[in-house]
>>> print(open('target_35.pdb').read())   # PDB, C-alpha atoms
ATOM      1  CA  MET H   1     -65.615   5.534 -34.777  1.00  0.00           C
ATOM      2  CA  ASP H   2     -66.963   9.052 -35.100  1.00  0.00           C
ATOM      3  CA  ILE H   3     -64.758  12.090 -34.933  1.00  0.00           C
ATOM      4  CA  GLU H   4     -66.186  13.539 -31.722  1.00  0.00           C
ATOM      5  CA  ASN H   5     -65.630  10.298 -29.824  1.00  0.00           C
ATOM      6  CA  GLN H   6     -62.091  10.057 -31.170  1.00  0.00           C
ATOM      7  CA  ARG H   7     -61.429  13.573 -29.922  1.00  0.00           C
ATOM      8  CA  ARG H   8     -62.751  12.739 -26.446  1.00  0.00           C
ATOM      9  CA  VAL H   9     -60.684   9.567 -26.172  1.00  0.00           C
ATOM     10  CA  LYS H  10     -57.551  11.423 -27.248  1.00  0.00           C
ATOM     11  CA  GLU H  11     -58.166  14.170 -24.663  1.00  0.00           C
ATOM     12  CA  LEU H  12     -58.805  11.651 -21.884  1.00  0.00           C
ATOM     13  CA  ALA H  13     -55.624   9.744 -22.719  1.00  0.00           C
ATOM     14  CA  GLU H  14     -53.699  13.010 -22.457  1.00  0.00           C
ATOM     15  CA  LYS H  15     -55.444  13.981 -19.215  1.00  0.00           C
ATOM     16  CA  TYR H  16     -55.172  10.703 -17.306  1.00  0.00           C
ATOM     17  CA  GLY H  17     -52.274   9.017 -19.107  1.00  0.00           C
ATOM     18  CA  ALA H  18     -52.837   6.222 -21.629  1.00  0.00           C
ATOM     19  CA  GLU H  19     -51.623   3.655 -19.078  1.00  0.00           C
ATOM     20  CA  ASN H  20     -54.471   4.576 -16.705  1.00  0.00           C
ATOM     21  CA  LEU H  21     -57.248   4.389 -19.276  1.00  0.00           C
ATOM     22  CA  VAL H  22     -59.211   1.264 -20.200  1.00  0.00           C
ATOM     23  CA  VAL H  23     -61.696   1.167 -23.095  1.00  0.00           C
ATOM     24  CA  ILE H  24     -64.684  -1.166 -22.801  1.00  0.00           C
ATOM     25  CA  LEU H  25     -66.684  -1.843 -25.952  1.00  0.00           C
ATOM     26  CA  GLY H  26     -70.326  -2.851 -26.266  1.00  0.00           C
ATOM     27  CA  GLY H  27     -70.528  -3.286 -30.027  1.00  0.00           C
ATOM     28  CA  ALA H  28     -73.054  -5.736 -31.457  1.00  0.00           C
ATOM     29  CA  GLU H  29     -70.797  -6.931 -34.261  1.00  0.00           C
ATOM     30  CA  ALA H  30     -67.297  -8.330 -34.294  1.00  0.00           C
ATOM     31  CA  GLU H  31     -66.065  -6.323 -37.278  1.00  0.00           C
ATOM     32  CA  ALA H  32     -67.265  -2.947 -35.976  1.00  0.00           C
ATOM     33  CA  SER H  33     -65.889  -3.741 -32.512  1.00  0.00           C
ATOM     34  CA  GLY H  34     -62.548  -4.623 -34.075  1.00  0.00           C
ATOM     35  CA  LEU H  35     -62.414  -1.343 -35.991  1.00  0.00           C
ATOM     36  CA  THR H  36     -63.090   0.629 -32.829  1.00  0.00           C
ATOM     37  CA  ALA H  37     -60.457  -1.388 -30.947  1.00  0.00           C
ATOM     38  CA  GLU H  38     -57.998  -0.644 -33.752  1.00  0.00           C
ATOM     39  CA  THR H  39     -58.802   3.076 -33.621  1.00  0.00           C
ATOM     40  CA  VAL H  40     -57.953   3.384 -29.893  1.00  0.00           C
ATOM     41  CA  THR H  41     -54.761   1.325 -30.181  1.00  0.00           C
ATOM     42  CA  ALA H  42     -53.131   1.673 -33.605  1.00  0.00           C
ATOM     43  CA  GLY H  43     -54.931   4.834 -34.762  1.00  0.00           C
ATOM     44  CA  ASP H  44     -57.897   5.628 -37.012  1.00  0.00           C
ATOM     45  CA  PRO H  45     -57.691   3.195 -39.969  1.00  0.00           C
ATOM     46  CA  THR H  46     -59.811   5.560 -42.098  1.00  0.00           C
ATOM     47  CA  TYR H  47     -57.449   8.501 -41.452  1.00  0.00           C
ATOM     48  CA  ALA H  48     -60.476  10.763 -40.985  1.00  0.00           C
ATOM     49  CA  GLY H  49     -60.389  11.663 -37.306  1.00  0.00           C
ATOM     50  CA  PRO H  50     -58.134  13.047 -34.565  1.00  0.00           C
ATOM     51  CA  LEU H  51     -56.681   9.583 -33.906  1.00  0.00           C
ATOM     52  CA  ALA H  52     -55.347   9.190 -37.457  1.00  0.00           C
ATOM     53  CA  GLY H  53     -51.701   8.255 -37.079  1.00  0.00           C
ATOM     54  CA  VAL H  54     -51.979   8.381 -33.257  1.00  0.00           C
ATOM     55  CA  GLN H  55     -51.010   5.073 -31.660  1.00  0.00           C
ATOM     56  CA  LEU H  56     -52.520   5.361 -28.181  1.00  0.00           C
ATOM     57  CA  GLY H  57     -52.064   1.631 -27.527  1.00  0.00           C
ATOM     58  CA  LEU H  58     -54.898   1.678 -24.973  1.00  0.00           C
ATOM     59  CA  SER H  59     -56.031  -1.382 -23.071  1.00  0.00           C
ATOM     60  CA  VAL H  60     -59.220  -2.276 -24.974  1.00  0.00           C
ATOM     61  CA  TRP H  61     -61.709  -5.040 -24.229  1.00  0.00           C
ATOM     62  CA  HIS H  62     -65.233  -6.021 -25.142  1.00  0.00           C
ATOM     63  CA  ILE H  63     -67.541  -6.362 -22.144  1.00  0.00           C
ATOM     64  CA  VAL H  64     -68.338  -9.979 -23.054  1.00  0.00           C
ATOM     65  CA  GLU H  65     -64.689 -11.074 -22.839  1.00  0.00           C
ATOM     66  CA  ASP H  66     -64.104 -13.562 -20.017  1.00  0.00           C
ATOM     67  CA  GLU H  67     -61.435 -11.506 -18.234  1.00  0.00           C
ATOM     68  CA  ILE H  68     -63.784  -8.496 -17.945  1.00  0.00           C
ATOM     69  CA  LYS H  69     -66.881 -10.519 -17.104  1.00  0.00           C
ATOM     70  CA  ALA H  70     -64.962 -12.166 -14.254  1.00  0.00           C
ATOM     71  CA  GLU H  71     -64.382  -8.787 -12.579  1.00  0.00           C
ATOM     72  CA  ILE H  72     -68.033  -7.669 -12.677  1.00  0.00           C
ATOM     73  CA  ASP H  73     -70.680  -8.475 -10.073  1.00  0.00           C
ATOM     74  CA  PRO H  74     -72.493 -11.465 -11.666  1.00  0.00           C
ATOM     75  CA  GLU H  75     -75.963 -10.174 -10.791  1.00  0.00           C
ATOM     76  CA  VAL H  76     -75.320  -6.781 -12.358  1.00  0.00           C
ATOM     77  CA  TYR H  77     -73.730  -8.402 -15.420  1.00  0.00           C
ATOM     78  CA  ASP H  78     -76.738 -10.653 -15.935  1.00  0.00           C
ATOM     79  CA  GLU H  79     -79.127  -7.728 -15.546  1.00  0.00           C
ATOM     80  CA  GLN H  80     -77.251  -5.364 -17.874  1.00  0.00           C
ATOM     81  CA  VAL H  81     -75.600  -7.671 -20.426  1.00  0.00           C
ATOM     82  CA  GLY H  82     -77.099 -11.148 -20.026  1.00  0.00           C
ATOM     83  CA  MET H  83     -79.881 -10.782 -22.561  1.00  0.00           C
ATOM     84  CA  MET H  84     -77.701  -9.333 -25.309  1.00  0.00           C
ATOM     85  CA  GLU H  85     -74.969 -11.868 -24.651  1.00  0.00           C
ATOM     86  CA  MET H  86     -77.384 -14.583 -25.725  1.00  0.00           C
ATOM     87  CA  VAL H  87     -78.046 -13.030 -29.134  1.00  0.00           C
ATOM     88  CA  LEU H  88     -74.601 -11.707 -30.046  1.00  0.00           C
ATOM     89  CA  ASP H  89     -71.923 -13.761 -31.779  1.00  0.00           C
ATOM     90  CA  VAL H  90     -69.800 -13.681 -28.660  1.00  0.00           C
ATOM     91  CA  ASP H  91     -67.065 -16.003 -29.950  1.00  0.00           C
ATOM     92  CA  ALA H  92     -66.452 -13.872 -33.052  1.00  0.00           C
ATOM     93  CA  ILE H  93     -66.401 -10.670 -30.964  1.00  0.00           C
ATOM     94  CA  LYS H  94     -63.923 -12.147 -28.472  1.00  0.00           C
ATOM     95  CA  GLU H  95     -61.647 -13.361 -31.249  1.00  0.00           C
ATOM     96  CA  GLU H  96     -61.663 -10.060 -33.138  1.00  0.00           C
ATOM     97  CA  VAL H  97     -61.120  -7.729 -30.170  1.00  0.00           C
ATOM     98  CA  SER H  98     -58.489  -9.919 -28.488  1.00  0.00           C
ATOM     99  CA  SER H  99     -56.602 -10.200 -31.763  1.00  0.00           C
ATOM    100  CA  ILE H 100     -56.418  -6.410 -32.135  1.00  0.00           C
ATOM    101  CA  ARG H 101     -55.430  -6.025 -28.478  1.00  0.00           C
ATOM    102  CA  LYS H 102     -52.595  -8.533 -28.783  1.00  0.00           C
ATOM    103  CA  GLN H 103     -51.253  -6.754 -31.844  1.00  0.00           C
ATOM    104  CA  TYR H 104     -51.516  -3.127 -30.805  1.00  0.00           C
ATOM    105  CA  SER H 105     -52.237  -2.612 -27.105  1.00  0.00           C
ATOM    106  CA  LYS H 106     -49.259  -1.371 -25.106  1.00  0.00           C
ATOM    107  CA  TYR H 107     -50.813  -1.674 -21.642  1.00  0.00           C
TER     108      TYR H 107
ATOM    109  CA  MET K   1     -57.124  -6.706 -12.276  1.00  0.00           C
ATOM    110  CA  ILE K   2     -58.015  -4.846 -15.447  1.00  0.00           C
ATOM    111  CA  LEU K   3     -60.678  -2.405 -14.249  1.00  0.00           C
ATOM    112  CA  ASP K   4     -59.958  -1.751 -10.556  1.00  0.00           C
ATOM    113  CA  GLY K   5     -58.710   1.798 -10.000  1.00  0.00           C
ATOM    114  CA  LYS K   6     -58.730   2.626 -13.719  1.00  0.00           C
ATOM    115  CA  LYS K   7     -60.401   5.407 -15.660  1.00  0.00           C
ATOM    116  CA  VAL K   8     -62.773   3.751 -18.088  1.00  0.00           C
ATOM    117  CA  VAL K   9     -64.144   4.829 -21.458  1.00  0.00           C
ATOM    118  CA  ALA K  10     -67.406   2.999 -22.265  1.00  0.00           C
ATOM    119  CA  LEU K  11     -68.010   2.871 -26.016  1.00  0.00           C
ATOM    120  CA  GLY K  12     -71.440   1.272 -26.107  1.00  0.00           C
ATOM    121  CA  ASP K  13     -73.836   0.411 -28.899  1.00  0.00           C
ATOM    122  CA  ARG K  14     -77.584   0.908 -28.960  1.00  0.00           C
ATOM    123  CA  ASP K  15     -77.892  -2.351 -30.905  1.00  0.00           C
ATOM    124  CA  GLY K  16     -75.489  -4.125 -28.584  1.00  0.00           C
ATOM    125  CA  ILE K  17     -74.624  -3.185 -25.016  1.00  0.00           C
ATOM    126  CA  PRO K  18     -75.341   0.549 -24.346  1.00  0.00           C
ATOM    127  CA  GLY K  19     -72.874   2.803 -22.566  1.00  0.00           C
ATOM    128  CA  GLY K  20     -75.055   3.000 -19.445  1.00  0.00           C
ATOM    129  CA  ALA K  21     -75.085  -0.793 -19.067  1.00  0.00           C
ATOM    130  CA  ILE K  22     -71.297  -0.917 -19.404  1.00  0.00           C
ATOM    131  CA  GLU K  23     -71.059   1.827 -16.786  1.00  0.00           C
ATOM    132  CA  GLU K  24     -73.179  -0.088 -14.256  1.00  0.00           C
ATOM    133  CA  CYS K  25     -70.981  -3.158 -14.740  1.00  0.00           C
ATOM    134  CA  VAL K  26     -67.659  -1.310 -14.558  1.00  0.00           C
ATOM    135  CA  LYS K  27     -68.619   0.352 -11.264  1.00  0.00           C
ATOM    136  CA  THR K  28     -68.965  -3.037  -9.581  1.00  0.00           C
ATOM    137  CA  ALA K  29     -65.403  -3.884 -10.647  1.00  0.00           C
ATOM    138  CA  GLY K  30     -63.884  -0.734  -9.124  1.00  0.00           C
ATOM    139  CA  GLY K  31     -63.454   1.245 -12.331  1.00  0.00           C
ATOM    140  CA  GLU K  32     -64.431   4.885 -12.781  1.00  0.00           C
ATOM    141  CA  VAL K  33     -66.255   5.670 -16.008  1.00  0.00           C
ATOM    142  CA  VAL K  34     -65.013   9.024 -17.326  1.00  0.00           C
ATOM    143  CA  PHE K  35     -66.783   8.934 -20.698  1.00  0.00           C
ATOM    144  CA  SER K  36     -69.742   6.893 -21.862  1.00  0.00           C
ATOM    145  CA  VAL K  37     -71.556   6.799 -25.202  1.00  0.00           C
ATOM    146  CA  SER K  38     -74.035   4.483 -26.888  1.00  0.00           C
ATOM    147  CA  GLU K  39     -73.698   5.471 -30.505  1.00  0.00           C
ATOM    148  CA  CYS K  40     -70.144   4.619 -31.273  1.00  0.00           C
ATOM    149  CA  PHE K  41     -71.006   1.962 -33.836  1.00  0.00           C
ATOM    150  CA  VAL K  42     -73.612   3.798 -35.899  1.00  0.00           C
TER     151      VAL K  42
END
>>> encode(input="target_35.pdb", output="structure tokens")
Amino acid sequence: MDIENQRRVKELAEKYGAENLVVILGGAEAEASGLTAETVTAGDPTYAGPLAGVQLGLSVWHIVEDEIKAEIDPEVYDEQVGMMEMVLDVDAIKEEVSSIRKQYSKY
Amino acid sequence: MILDGKKVVALGDRDGIPGGAIEECVKTAGGEVVFSVSECFV
């Protein structure tokens, strides 16, 4: 996750309170999505950015996860995500992101 | 509810689901997108 985005997420968590912030990912790959999820919960695993050593513990989900999909208007979801959902390895993404969330999310 | 009434950060992916698409979805669930990008995974 690039340094500028880490900085923005850190600022927003300070501004709104980490408990009020939810991160929704749209990553195409499970591994990259997992690394981003780790960065906004346990801190930057590469120790390069502003979130190094900062355990925000944010609520983080991928948009294809069932709990998130269930809250979105089905027509809008189909229009915006439906096509990509068919080509992504959705099961791997769900497993990776939910695993990180269960380990590190505080909210 | 996960999204209703929350401030939402959309970390999209040009090769996956872009930030703008996440934003459109989140709005229908009652969340407010406060930051949206599409290049998080480059």
>>> closest_residue(input="target_35.pdb", among="H:Glu14, H:Glu79, H:Glu38, H:Asp66", to="H:Lys102", atoms="all atoms listed in the file")
H:Glu38
>>> atom_distance(input="target_35.pdb", atom1="atom CA of H:Leu56", atom2="atom CA of H:Val40")
6.0 Å
>>> residues_around(input="target_35.pdb", residues="stretch 8-19 of chain K", least_positions_apart="6", cutoff="8 Å", atoms="all atoms listed in the file", output="list of chain:residue names")
H:Val9, H:Leu21, H:Val22, H:Val23, H:Ile24, H:Leu25, H:Gly26, H:Gly27, H:Ala28, H:Glu29, H:Gln80, H:Val81, H:Met84, H:Leu88, K:Val26, K:Gly31, K:Glu32, K:Val33, K:Val34, K:Phe35, K:Ser36, K:Val37, K:Ser38, K:Glu39, K:Cys40, K:Phe41, K:Val42
>>> atom_distance(input="target_35.pdb", atom1="atom CA of H:Thr39", atom2="atom CA of H:Ala70")
25.4 Å
>>> residues_around(input="target_35.pdb", residues="K:Gly30", least_positions_apart="3", cutoff="8 Å", atoms="all atoms listed in the file", output="VMD selection string")
chain K and resid 3 to 6 26 to 27
>>> resolve_selection(input="target_35.pdb", expression="the PyMOL selection byres ((chain H and resi 41) around 12)", output="number ranges by chain")
H: 6, 9-10, 13, 18-19, 21-23, 34-40, 42-45, 51-61, 97-107
>>> atom_distance(input="target_35.pdb", atom1="atom CA of K:Glu24", atom2="atom CA of H:Pro74")
11.7 Å
>>> closest_residue(input="target_35.pdb", among="H:Asp89, H:Lys94, H:Glu4, H:Glu31", to="H:Gly49", atoms="all atoms listed in the file")
H:Glu4
>>> closest_residue(input="target_35.pdb", among="H:Met86, H:Ala30, H:Ile68, H:Ala48", to="chain K", atoms="all atoms listed in the file")
H:Ile68
>>> closest_residue(input="target_35.pdb", among="H:Ile93, H:Val76, H:Tyr16, H:Val87", to="K:Glu23", atoms="all atoms listed in the file")
H:Val76
>>> axis_aligned_box(input="target_35.pdb", around="stretch 4-7 of chain K", padding_each_side="8 Å", output="JSON")
{"center_x": -59.6, "center_y": 1.8, "center_z": -12.8, "size_x": 17.7, "size_y": 23.2, "size_z": 21.7}
>>> residues_around(input="target_35.pdb", residues="K:Met1", least_positions_apart="5", cutoff="9 Å", atoms="all atoms listed in the file", output="VMD selection string")
(chain H and resid 67 to 68 71) or (chain K and resid 29)
